[in-house]
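With compact mmCIF, C-alpha atoms inside, this is upload10.txt:
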# COMPACT_ATOMS: atom_id res chain seq x y z
CA MET M 1333 -53.56 244.36 -18.30
CA ILE M 1334 -53.78 245.43 -21.93
CA ASN M 1335 -57.28 246.64 -22.79
CA PRO M 1336 -58.92 244.04 -25.11
CA LEU M 1337 -60.70 246.82 -27.03
CA ILE M 1338 -57.48 247.75 -28.83
CA GLY M 1339 -57.11 244.14 -30.03
CA VAL M 1340 -60.74 244.07 -31.17
CA HIS M 1341 -60.25 247.40 -33.02
CA ILE M 1342 -57.07 246.20 -34.78
CA GLY M 1343 -58.57 242.79 -35.62
CA LEU M 1344 -61.74 244.27 -37.11
CA GLY M 1345 -59.80 246.93 -39.03
CA GLU M 1346 -57.51 244.30 -40.53
CA LEU M 1347 -60.48 242.06 -41.35
CA GLY M 1348 -62.01 244.99 -43.24
CA ILE M 1349 -58.78 245.57 -45.18
CA VAL M 1350 -58.40 241.87 -46.04
CA ALA M 1351 -62.08 241.73 -47.10
CA PHE M 1352 -61.50 244.51 -49.64
CA LEU M 1353 -58.30 242.83 -50.80
CA TRP M 1354 -60.51 239.77 -51.37
CA VAL M 1355 -62.95 241.96 -53.36
CA PHE M 1356 -60.02 243.21 -55.48
CA VAL M 1357 -58.76 239.69 -56.22
CA GLU M 1358 -62.25 238.38 -57.11
CA LEU M 1359 -62.77 241.29 -59.53
CA LEU M 1360 -59.50 240.77 -61.41
CA ASN M 1361 -61.27 238.17 -63.52
CA PRO M 1362 -64.98 238.51 -62.71
CA SER M 1363 -67.42 235.66 -63.26
CA PRO M 1364 -70.94 235.37 -61.77
CA THR M 1365 -69.61 233.24 -58.88
CA ARG M 1366 -66.67 235.61 -58.23
CA ILE M 1367 -68.95 238.67 -58.32
CA LYS M 1368 -71.23 237.01 -55.76
CA ARG M 1369 -68.24 236.30 -53.49
CA ALA M 1370 -66.94 239.86 -53.97
CA LYS M 1371 -70.33 241.24 -52.87
CA ILE M 1372 -70.25 239.10 -49.71
CA ALA M 1373 -66.65 240.19 -49.00
CA SER M 1374 -67.54 243.86 -49.46
CA VAL M 1375 -70.38 243.59 -46.93
CA ILE M 1376 -67.99 241.85 -44.48
CA GLY M 1377 -65.54 244.72 -45.06
CA VAL M 1378 -68.08 247.50 -44.43
CA VAL M 1379 -69.46 245.81 -41.29
CA SER M 1380 -65.89 245.24 -40.00
CA PHE M 1381 -64.96 248.91 -40.51
CA ILE M 1382 -68.13 250.08 -38.71
CA LEU M 1383 -67.42 247.76 -35.76
CA ALA M 1384 -63.73 248.86 -35.77
CA TRP M 1385 -65.00 252.46 -35.65
CA ILE M 1386 -67.17 251.73 -32.57
CA SER M 1387 -64.56 249.61 -30.72
CA GLY M 1388 -61.72 252.02 -31.57
CA GLY M 1389 -63.85 254.95 -30.41
CA ALA M 1390 -64.65 253.23 -27.12
CA TYR M 1391 -60.93 252.54 -26.56
CA TYR M 1392 -59.90 256.06 -27.61
CA LEU M 1393 -62.41 257.72 -25.25
CA THR M 1394 -61.50 255.57 -22.24
CA GLU M 1395 -58.11 253.82 -22.05
CA TYR M 1396 -56.21 255.87 -24.63
CA GLY M 1397 -57.33 259.28 -23.38
CA GLU M 1398 -56.82 258.48 -19.71
CA VAL M 1399 -53.68 256.28 -19.76
CA VAL M 1400 -51.86 256.09 -23.11
CA LYS M 1401 -52.13 259.70 -24.29
CA PRO M 1402 -50.58 261.25 -21.12
CA LEU M 1403 -47.85 258.58 -21.24
CA ILE M 1404 -46.91 259.32 -24.88
CA LYS M 1405 -47.09 263.10 -24.37
CA THR M 1406 -44.58 262.98 -21.50
CA GLY M 1407 -42.36 260.33 -23.15
CA PRO M 1408 -39.48 260.66 -25.64
CA ALA M 1409 -41.79 260.50 -28.71
CA PRO M 1410 -44.68 262.94 -28.07
CA TRP M 1411 -44.98 263.43 -31.86
CA ALA M 1412 -46.58 259.96 -31.97
CA HIS M 1413 -49.68 261.47 -30.37
CA TYR M 1414 -49.58 265.05 -31.59
CA ILE M 1415 -49.04 264.14 -35.25
CA PHE M 1416 -50.10 260.55 -35.82
CA THR M 1417 -52.96 259.96 -33.35
CA GLU M 1418 -54.50 263.28 -34.33
CA THR M 1419 -54.20 262.44 -38.05
CA LYS M 1420 -55.26 258.79 -37.69
CA GLU M 1421 -58.38 259.44 -35.62
CA HIS M 1422 -59.70 261.74 -38.35
CA VAL M 1423 -58.49 259.99 -41.50
CA PHE M 1424 -60.03 256.79 -40.13
CA LEU M 1425 -63.44 258.49 -40.42
CA PHE M 1426 -63.01 258.54 -44.24
CA LEU M 1427 -62.71 254.75 -44.44
CA PRO M 1428 -66.27 253.51 -43.62
CA PHE M 1429 -67.74 255.98 -46.12
CA ILE M 1430 -65.35 255.03 -48.95
CA ALA M 1431 -65.92 251.34 -48.17
CA THR M 1432 -69.70 251.90 -48.23
CA PHE M 1433 -69.35 253.59 -51.63
CA ALA M 1434 -67.22 250.69 -52.95
CA SER M 1435 -69.71 248.10 -51.74
CA GLY M 1436 -72.68 250.14 -53.02
CA LEU M 1437 -71.01 250.46 -56.42
CA LEU M 1438 -70.48 246.71 -56.62
CA PHE M 1439 -74.16 246.04 -55.85
CA ALA M 1440 -75.49 248.83 -58.09
CA VAL M 1441 -73.61 248.31 -61.37
CA GLU M 1442 -75.41 246.10 -63.86
CA ASP M 1443 -72.30 245.12 -65.81
CA VAL M 1444 -69.38 244.45 -63.46
CA LYS M 1445 -67.05 243.45 -66.33
CA LYS M 1446 -67.64 246.75 -68.11
CA ASN M 1447 -66.99 248.73 -64.91
CA LYS M 1448 -64.18 246.50 -63.65
CA LYS M 1449 -61.52 249.22 -63.68
CA ALA M 1450 -63.51 251.62 -61.46
CA LEU M 1451 -64.34 248.80 -59.04
CA LEU M 1452 -60.71 247.64 -58.86
CA ILE M 1453 -59.44 251.19 -58.26
CA ILE M 1454 -61.88 251.94 -55.41
CA SER M 1455 -61.27 248.52 -53.75
CA ALA M 1456 -57.50 249.09 -53.92
CA THR M 1457 -58.02 252.57 -52.43
CA VAL M 1458 -59.78 251.06 -49.39
CA VAL M 1459 -56.89 248.60 -48.95
CA VAL M 1460 -54.15 251.27 -49.29
CA LEU M 1461 -55.95 253.73 -46.98
CA GLY M 1462 -56.57 250.93 -44.46
CA PHE M 1463 -52.90 249.89 -44.42
CA SER M 1464 -51.83 253.57 -44.09
CA ILE M 1465 -54.04 253.88 -41.00
CA ALA M 1466 -52.59 250.62 -39.63
CA ALA M 1467 -49.06 252.05 -40.15
CA MET M 1468 -50.03 255.13 -38.14
CA GLY M 1469 -51.31 252.79 -35.41
CA TYR M 1470 -47.87 251.13 -35.37
CA LEU M 1471 -46.18 254.54 -34.89
CA ILE M 1472 -48.55 255.40 -32.03
CA SER M 1473 -47.95 252.10 -30.22
CA SER M 1474 -44.18 252.61 -30.77
CA GLY M 1475 -44.52 256.00 -29.05
CA ALA M 1476 -46.25 254.32 -26.09
CA ARG M 1477 -43.59 251.57 -25.90
CA GLU M 1478 -40.79 254.15 -25.96
CA ALA M 1479 -42.47 256.07 -23.14
CA LEU M 1480 -42.81 252.87 -21.09
CA GLU M 1481 -39.14 251.92 -21.69
CA ALA M 1482 -38.03 255.42 -20.64
CA SER M 1483 -39.99 255.11 -17.39
CA LEU M 1484 -38.27 251.81 -16.39
CA MET O 573 -84.29 249.85 -53.69
CA THR O 574 -81.88 251.11 -56.35
CA LEU O 575 -78.78 252.93 -55.20
CA ASN O 576 -78.04 256.26 -56.85
CA ILE O 577 -74.27 255.99 -57.34
CA LYS O 578 -73.81 259.65 -58.24
CA ALA O 579 -75.59 260.66 -54.99
CA LEU O 580 -73.53 258.12 -53.04
CA SER O 581 -70.30 259.42 -54.60
CA ARG O 582 -71.10 263.10 -53.97
CA SER O 583 -72.20 262.46 -50.35
CA THR O 584 -68.94 260.51 -49.76
CA ILE O 585 -66.91 263.41 -51.20
CA SER O 586 -68.89 265.95 -49.14
CA VAL O 587 -68.50 264.07 -45.87
CA ILE O 588 -64.72 263.61 -46.35
CA SER O 589 -64.42 267.35 -47.05
CA LEU O 590 -66.59 268.18 -44.04
CA ILE O 591 -64.49 266.03 -41.67
CA THR O 592 -61.28 267.69 -42.94
CA ILE O 593 -62.62 271.26 -42.73
CA VAL O 594 -64.33 270.84 -39.35
CA THR O 595 -61.21 269.21 -37.85
CA VAL O 596 -58.84 272.01 -38.90
CA TRP O 597 -61.41 274.70 -38.05
CA GLY O 598 -62.03 273.12 -34.62
CA GLU O 599 -58.30 273.09 -33.84
CA LEU O 600 -57.97 276.76 -34.77
CA VAL O 601 -61.20 277.98 -33.12
CA PRO O 602 -61.81 276.38 -29.68
CA SER O 603 -65.51 277.34 -29.65
CA VAL O 604 -66.04 275.26 -32.81
CA LYS O 605 -64.35 272.25 -31.19
CA SER O 606 -66.46 272.58 -28.02
CA GLY O 607 -69.59 273.01 -30.17
CA ILE O 608 -68.83 269.72 -31.96
CA ALA O 609 -68.05 268.08 -28.61
CA SER O 610 -71.49 269.10 -27.32
CA VAL O 611 -73.04 266.78 -29.95
CA GLY O 612 -71.49 263.60 -28.53
CA GLY O 613 -69.64 264.47 -25.33
CA HIS O 614 -66.24 264.49 -27.12
CA HIS O 615 -65.16 266.24 -30.33
CA TRP O 616 -64.33 262.91 -32.02
CA THR O 617 -67.70 261.37 -31.11
CA GLY O 618 -69.39 264.58 -32.27
CA LYS O 619 -67.60 264.40 -35.63
CA SER O 620 -68.50 260.71 -35.98
CA ILE O 621 -72.20 261.33 -35.28
CA LEU O 622 -72.32 264.43 -37.49
CA SER O 623 -70.57 262.68 -40.38
CA VAL O 624 -73.11 259.83 -40.38
CA ILE O 625 -76.07 262.24 -40.19
CA VAL O 626 -74.65 264.48 -42.93
CA PHE O 627 -73.83 261.46 -45.15
CA ILE O 628 -77.39 260.09 -44.93
CA ALA O 629 -79.02 263.53 -45.29
CA LEU O 630 -76.89 264.46 -48.32
CA TYR O 631 -77.49 261.09 -49.98
CA CYS O 632 -81.27 261.62 -49.66
CA LEU O 633 -80.94 265.17 -51.01
CA PHE O 634 -78.56 264.31 -53.89
CA LYS O 635 -80.71 261.31 -54.81
CA LYS O 636 -83.50 263.71 -55.75
CA MET O 637 -81.19 266.25 -57.40
CA LEU O 638 -78.68 264.11 -59.32
CA LYS O 639 -80.08 261.92 -62.04
CA GLY O 640 -78.94 260.88 -65.48
CA LYS O 641 -75.73 259.48 -66.92
CA ILE O 642 -72.69 258.87 -64.78
CA ASN O 643 -68.99 258.46 -65.51
CA LEU O 644 -68.03 255.87 -62.88
CA GLU O 645 -64.28 256.27 -63.25
CA LYS O 646 -64.56 260.03 -62.85
CA GLU O 647 -66.62 259.61 -59.64
CA VAL O 648 -64.08 257.11 -58.25
CA TRP O 649 -61.14 259.43 -59.01
CA MET O 650 -63.01 262.35 -57.41
CA ILE O 651 -63.41 260.33 -54.20
CA ILE O 652 -59.74 259.28 -54.26
CA GLY O 653 -58.62 262.87 -54.92
CA THR O 654 -60.72 264.17 -52.01
CA ALA O 655 -59.39 261.45 -49.66
CA VAL O 656 -55.75 262.12 -50.68
CA ILE O 657 -56.16 265.89 -50.26
CA GLY O 658 -57.99 265.41 -46.92
CA THR O 659 -55.25 263.11 -45.60
CA ALA O 660 -52.48 265.47 -46.80
CA VAL O 661 -54.21 268.53 -45.28
CA LEU O 662 -54.73 266.82 -41.90
CA LEU O 663 -51.17 265.43 -41.77
CA ALA O 664 -49.67 268.78 -42.80
CA PHE O 665 -51.83 270.65 -40.29
CA PHE O 666 -50.88 268.44 -37.35
CA LEU O 667 -47.20 268.55 -38.38
CA TRP O 668 -47.40 272.35 -38.45
CA HIS O 669 -49.31 272.39 -35.15
CA TYR O 670 -46.69 270.19 -33.47
CA PHE O 671 -43.66 272.11 -34.70
CA THR O 672 -45.03 275.61 -34.17
CA LEU O 673 -47.09 275.43 -30.98

Would you mind writing the file's structure down as structure tokens?
Amino acid sequence: MINPLIGVHIGLGELGIVAFLWVFVELLNPSPTRIKRAKIASVIGVVSFILAWISGGAYYLTEYGEVVKPLIKTGPAPWAHYIFTETKEHVFLFLPFIATFASGLLFAVEDVKKNKKALLIISATVVVLGFSIAAMGYLISSGAREALEASL
Amino acid sequence: MTLNIKALSRSTISVISLITIVTVWGELVPSVKSGIASVGGHHWTGKSILSVIVFIALYCLFKKMLKGKINLEKEVWMIIGTAVIGTAVLLAFFLWHYFTL
């Protein structure tokens, strides 16, 4: 049976990315109502990334380390682990801190319209970094699928 | 409570740099990796715990040190630059590690 933790990790990570995409869209043309919604979305995003961090860590330390990692390493695409898991597990650690900064910035600035460009750039950064991490997750799961196919 | 954005920015930059340096250093020096692992039972858990502690501690420190005017765009670009360099360093290191070892 597939470990549900990986689904929880992916779901929460994607929720975090979509939340910051929502922040970006709200800030394109900020009004008091849109700024309020952007603040709510940014908090949803930060909380999602923190929960994705915890659930992904629990999966990585149990199922991945014991079952998936040995499978990928002995399969036809060991690079999926050696390059992409190793990079992803560390680059992921950047994300909650950058998201916290983005959310903090949104709450702290007095004039959102005046600082719109900085807020848009940092929100877009969270989205791009999040999708890059998701792409690495795709490569890792492809490595696991290839290893399973080779063992059939 | 008012957030000090300059302190938040500099602690974000510092923690991204720390994660990058400690990761590469830990891969090159096994005693460093095992030292980090002793914090949380696994090197990744150790790095996670350390990064949160360092982030909070540096924010509290920088909050007292860094006051005055701030160029928001400059702070944002500094964070992006650090994240891009950190990602490039980690990817390049693990590529090198895979193809040479």

For this session: Dig up all the protein and nucleic acid residues within 12 Å of (-40.9, 269.2, -32.4) in the file frame, using all atoms listed in the file, and format them as a ChimeraX atom specification.
Result: /M:1405,1408-1415 /O:666-673

Where does chain M meet chain O within 10 Å, residue by residue, with the nearest atom pair and distance in Å to one decimal for each, counting all atoms listed in the file, listed by chain and rising number, as JSON lines?
{"residue": "M:Trp1385", "atom": "CA", "partner": "O:Ser620", "partner_atom": "CA", "distance": 9.0}
{"residue": "M:Ile1386", "atom": "CA", "partner": "O:Ser620", "partner_atom": "CA", "distance": 9.7}
{"residue": "M:Gly1389", "atom": "CA", "partner": "O:Thr617", "partner_atom": "CA", "distance": 7.5}
{"residue": "M:Ala1390", "atom": "CA", "partner": "O:Thr617", "partner_atom": "CA", "distance": 9.6}
{"residue": "M:Tyr1392", "atom": "CA", "partner": "O:Trp616", "partner_atom": "CA", "distance": 9.3}
{"residue": "M:Leu1393", "atom": "CA", "partner": "O:His614", "partner_atom": "CA", "distance": 8.0}
{"residue": "M:Pro1410", "atom": "CA", "partner": "O:Tyr670", "partner_atom": "CA", "distance": 9.3}
{"residue": "M:Trp1411", "atom": "CA", "partner": "O:Tyr670", "partner_atom": "CA", "distance": 7.2}
{"residue": "M:His1413", "atom": "CA", "partner": "O:Tyr670", "partner_atom": "CA", "distance": 9.7}
{"residue": "M:Tyr1414", "atom": "CA", "partner": "O:Tyr670", "partner_atom": "CA", "distance": 6.2}
{"residue": "M:Ile1415", "atom": "CA", "partner": "O:Phe666", "partner_atom": "CA", "distance": 5.1}
{"residue": "M:Phe1416", "atom": "CA", "partner": "O:Leu663", "partner_atom": "CA", "distance": 7.8}
{"residue": "M:Thr1417", "atom": "CA", "partner": "O:Phe666", "partner_atom": "CA", "distance": 9.6}
{"residue": "M:Glu1418", "atom": "CA", "partner": "O:Phe666", "partner_atom": "CA", "distance": 7.0}
{"residue": "M:Thr1419", "atom": "CA", "partner": "O:Leu663", "partner_atom": "CA", "distance": 5.7}
{"residue": "M:Lys1420", "atom": "CA", "partner": "O:Leu663", "partner_atom": "CA", "distance": 8.8}
{"residue": "M:Glu1421", "atom": "CA", "partner": "O:Trp616", "partner_atom": "CA", "distance": 7.8}
{"residue": "M:His1422", "atom": "CA", "partner": "O:Ile591", "partner_atom": "CA", "distance": 7.2}
{"residue": "M:Val1423", "atom": "CA", "partner": "O:Thr659", "partner_atom": "CA", "distance": 6.1}
{"residue": "M:Phe1424", "atom": "CA", "partner": "O:Thr659", "partner_atom": "CA", "distance": 9.6}
{"residue": "M:Leu1425", "atom": "CA", "partner": "O:Ser620", "partner_atom": "CA", "distance": 7.1}
{"residue": "M:Phe1426", "atom": "CA", "partner": "O:Ile588", "partner_atom": "CA", "distance": 5.8}
{"residue": "M:Leu1427", "atom": "CA", "partner": "O:Ala655", "partner_atom": "CA", "distance": 9.1}
{"residue": "M:Pro1428", "atom": "CA", "partner": "O:Thr584", "partner_atom": "CA", "distance": 9.7}
{"residue": "M:Phe1429", "atom": "CA", "partner": "O:Thr584", "partner_atom": "CA", "distance": 5.9}
{"residue": "M:Ile1430", "atom": "CA", "partner": "O:Thr584", "partner_atom": "CA", "distance": 6.6}
{"residue": "M:Ala1431", "atom": "CA", "partner": "O:Thr584", "partner_atom": "CA", "distance": 9.8}
{"residue": "M:Thr1432", "atom": "CA", "partner": "O:Leu580", "partner_atom": "CA", "distance": 8.7}
{"residue": "M:Phe1433", "atom": "CA", "partner": "O:Leu580", "partner_atom": "CA", "distance": 6.3}
{"residue": "M:Ala1434", "atom": "CA", "partner": "O:Val648", "partner_atom": "CA", "distance": 8.9}
{"residue": "M:Gly1436", "atom": "CA", "partner": "O:Leu575", "partner_atom": "CA", "distance": 7.1}
{"residue": "M:Leu1437", "atom": "CA", "partner": "O:Ile577", "partner_atom": "CA", "distance": 6.5}
{"residue": "M:Phe1439", "atom": "CA", "partner": "O:Leu575", "partner_atom": "CA", "distance": 8.3}
{"residue": "M:Ala1440", "atom": "CA", "partner": "O:Leu575", "partner_atom": "CA", "distance": 6.0}
{"residue": "M:Val1441", "atom": "CA", "partner": "O:Ile577", "partner_atom": "CA", "distance": 8.7}
{"residue": "M:Asn1447", "atom": "CA", "partner": "O:Leu644", "partner_atom": "CA", "distance": 7.5}
{"residue": "M:Lys1448", "atom": "CA", "partner": "O:Glu645", "partner_atom": "CA", "distance": 9.8}
{"residue": "M:Lys1449", "atom": "CA", "partner": "O:Glu645", "partner_atom": "CA", "distance": 7.6}
{"residue": "M:Ala1450", "atom": "CA", "partner": "O:Glu645", "partner_atom": "CA", "distance": 5.0}
{"residue": "M:Leu1451", "atom": "CA", "partner": "O:Val648", "partner_atom": "CA", "distance": 8.4}
{"residue": "M:Ile1453", "atom": "CA", "partner": "O:Val648", "partner_atom": "CA", "distance": 7.5}
{"residue": "M:Ile1454", "atom": "CA", "partner": "O:Val648", "partner_atom": "CA", "distance": 6.3}
{"residue": "M:Thr1457", "atom": "CA", "partner": "O:Ile652", "partner_atom": "CA", "distance": 7.2}
{"residue": "M:Val1458", "atom": "CA", "partner": "O:Ile652", "partner_atom": "CA", "distance": 9.6}
{"residue": "M:Leu1461", "atom": "CA", "partner": "O:Ala655", "partner_atom": "CA", "distance": 8.9}

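Candidate residues M:Glu1346, M:Glu1358, M:Glu1481, M:Asp1443 were compared for distance to Ile1404 of chain M, and the nearest is M:Glu1481, using only C-alpha atoms.
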
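Coordinates place atom CA of Tyr1391 of chain M at a distance of 7.9 Å from atom CA of Asn1335 of chain M.
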
Exercise. Quick one: distance from atom CA of Gly598 of chain O to atom CA of Ile1338 of chain M in Å, one decimal?
Worked result: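 Atom CA of Gly598 of chain O sits 26.4 Å away from atom CA of Ile1338 of chain M.
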
For this session: May I have the protein, DNA and RNA residues with any atom at most 12 Å from the point (-37.3, 254.3, -21.3), counting all atoms listed in the file, written as a list of chain:residue names?
Result: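 Residues with an atom close enough to that point: M:Leu1403, M:Ile1404, M:Thr1406, M:Gly1407, M:Pro1408, M:Ala1409, M:Ser1474, M:Gly1475, M:Ala1476, M:Arg1477, M:Glu1478, M:Ala1479, M:Leu1480, M:Glu1481, M:Ala1482, M:Ser1483, M:Leu1484.
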
Mind filling out segment 1345-1375 of chain M with N, CA and C atoms and sending it as an mmCIF file, in the frame of the given file?
data_model
loop_
_atom_site.group_PDB
_atom_site.id
_atom_site.type_symbol
_atom_site.label_atom_id
_atom_site.label_comp_id
_atom_site.auth_asym_id
_atom_site.auth_seq_id
_atom_site.Cartn_x
_atom_site.Cartn_y
_atom_site.Cartn_z
ATOM 1 N N GLY M 1345 -60.349 246.066 -37.980
ATOM 2 C CA GLY M 1345 -59.800 246.930 -39.030
ATOM 3 C C GLY M 1345 -59.063 246.095 -40.071
ATOM 4 N N GLU M 1346 -58.265 245.140 -39.594
ATOM 5 C CA GLU M 1346 -57.510 244.300 -40.530
ATOM 6 C C GLU M 1346 -58.426 243.360 -41.309
ATOM 7 N N LEU M 1347 -59.491 242.895 -40.649
ATOM 8 C CA LEU M 1347 -60.480 242.060 -41.350
ATOM 9 C C LEU M 1347 -61.126 242.853 -42.488
ATOM 10 N N GLY M 1348 -61.427 244.121 -42.203
ATOM 11 C CA GLY M 1348 -62.010 244.990 -43.240
ATOM 12 C C GLY M 1348 -61.063 245.167 -44.413
ATOM 13 N N ILE M 1349 -59.773 245.387 -44.116
ATOM 14 C CA ILE M 1349 -58.780 245.570 -45.180
ATOM 15 C C ILE M 1349 -58.668 244.289 -46.028
ATOM 16 N N VAL M 1350 -58.562 243.150 -45.341
ATOM 17 C CA VAL M 1350 -58.400 241.870 -46.040
ATOM 18 C C VAL M 1350 -59.661 241.577 -46.883
ATOM 19 N N ALA M 1351 -60.827 241.957 -46.346
ATOM 20 C CA ALA M 1351 -62.080 241.730 -47.100
ATOM 21 C C ALA M 1351 -62.060 242.505 -48.418
ATOM 22 N N PHE M 1352 -61.555 243.733 -48.390
ATOM 23 C CA PHE M 1352 -61.500 244.510 -49.640
ATOM 24 C C PHE M 1352 -60.371 244.046 -50.564
ATOM 25 N N LEU M 1353 -59.336 243.460 -49.974
ATOM 26 C CA LEU M 1353 -58.300 242.830 -50.800
ATOM 27 C C LEU M 1353 -58.911 241.623 -51.527
ATOM 28 N N TRP M 1354 -59.763 240.910 -50.810
ATOM 29 C CA TRP M 1354 -60.510 239.770 -51.370
ATOM 30 C C TRP M 1354 -61.404 240.260 -52.520
ATOM 31 N N VAL M 1355 -62.105 241.369 -52.304
ATOM 32 C CA VAL M 1355 -62.950 241.960 -53.360
ATOM 33 C C VAL M 1355 -62.086 242.231 -54.600
ATOM 34 N N PHE M 1356 -60.930 242.861 -54.381
ATOM 35 C CA PHE M 1356 -60.020 243.210 -55.480
ATOM 36 C C PHE M 1356 -59.614 241.967 -56.272
ATOM 37 N N VAL M 1357 -59.233 240.921 -55.558
ATOM 38 C CA VAL M 1357 -58.760 239.690 -56.220
ATOM 39 C C VAL M 1357 -59.900 239.032 -57.011
ATOM 40 N N GLU M 1358 -61.100 238.997 -56.415
ATOM 41 C CA GLU M 1358 -62.250 238.380 -57.110
ATOM 42 C C GLU M 1358 -62.580 239.134 -58.400
ATOM 43 N N LEU M 1359 -62.383 240.466 -58.380
ATOM 44 C CA LEU M 1359 -62.770 241.290 -59.530
ATOM 45 C C LEU M 1359 -61.709 241.353 -60.633
ATOM 46 N N LEU M 1360 -60.542 240.771 -60.378
ATOM 47 C CA LEU M 1360 -59.500 240.770 -61.410
ATOM 48 C C LEU M 1360 -59.978 240.028 -62.659
ATOM 49 N N ASN M 1361 -60.729 238.957 -62.407
ATOM 50 C CA ASN M 1361 -61.270 238.170 -63.520
ATOM 51 C C ASN M 1361 -62.704 237.783 -63.164
ATOM 52 N N PRO M 1362 -63.634 238.754 -63.266
ATOM 53 C CA PRO M 1362 -64.980 238.510 -62.710
ATOM 54 C C PRO M 1362 -65.822 237.502 -63.490
ATOM 55 N N SER M 1363 -66.428 236.596 -62.719
ATOM 56 C CA SER M 1363 -67.420 235.660 -63.260
ATOM 57 C C SER M 1363 -68.620 235.772 -62.324
ATOM 58 N N PRO M 1364 -69.783 235.248 -62.676
ATOM 59 C CA PRO M 1364 -70.940 235.370 -61.770
ATOM 60 C C PRO M 1364 -70.653 234.887 -60.346
ATOM 61 N N THR M 1365 -69.931 233.780 -60.217
ATOM 62 C CA THR M 1365 -69.610 233.240 -58.880
ATOM 63 C C THR M 1365 -68.661 234.186 -58.144
ATOM 64 N N ARG M 1366 -67.651 234.695 -58.854
ATOM 65 C CA ARG M 1366 -66.670 235.610 -58.230
ATOM 66 C C ARG M 1366 -67.328 236.928 -57.815
ATOM 67 N N ILE M 1367 -68.240 237.414 -58.655
ATOM 68 C CA ILE M 1367 -68.950 238.670 -58.320
ATOM 69 C C ILE M 1367 -69.788 238.472 -57.059
ATOM 70 N N LYS M 1368 -70.418 237.315 -56.952
ATOM 71 C CA LYS M 1368 -71.230 237.010 -55.760
ATOM 72 C C LYS M 1368 -70.343 236.995 -54.516
ATOM 73 N N ARG M 1369 -69.175 236.353 -54.640
ATOM 74 C CA ARG M 1369 -68.240 236.300 -53.490
ATOM 75 C C ARG M 1369 -67.715 237.691 -53.167
ATOM 76 N N ALA M 1370 -67.445 238.485 -54.190
ATOM 77 C CA ALA M 1370 -66.940 239.860 -53.970
ATOM 78 C C ALA M 1370 -67.990 240.690 -53.228
ATOM 79 N N LYS M 1371 -69.260 240.504 -53.551
ATOM 80 C CA LYS M 1371 -70.330 241.240 -52.870
ATOM 81 C C LYS M 1371 -70.362 240.857 -51.385
ATOM 82 N N ILE M 1372 -70.250 239.567 -51.112
ATOM 83 C CA ILE M 1372 -70.250 239.100 -49.710
ATOM 84 C C ILE M 1372 -69.046 239.698 -48.976
ATOM 85 N N ALA M 1373 -67.871 239.649 -49.623
ATOM 86 C CA ALA M 1373 -66.650 240.190 -49.000
ATOM 87 C C ALA M 1373 -66.779 241.693 -48.737
ATOM 88 N N SER M 1374 -67.411 242.411 -49.652
ATOM 89 C CA SER M 1374 -67.540 243.860 -49.460
ATOM 90 C C SER M 1374 -68.452 244.186 -48.282
ATOM 91 N N VAL M 1375 -69.491 243.386 -48.081
ATOM 92 C CA VAL M 1375 -70.380 243.590 -46.930
ATOM 93 C C VAL M 1375 -69.612 243.277 -45.630
#
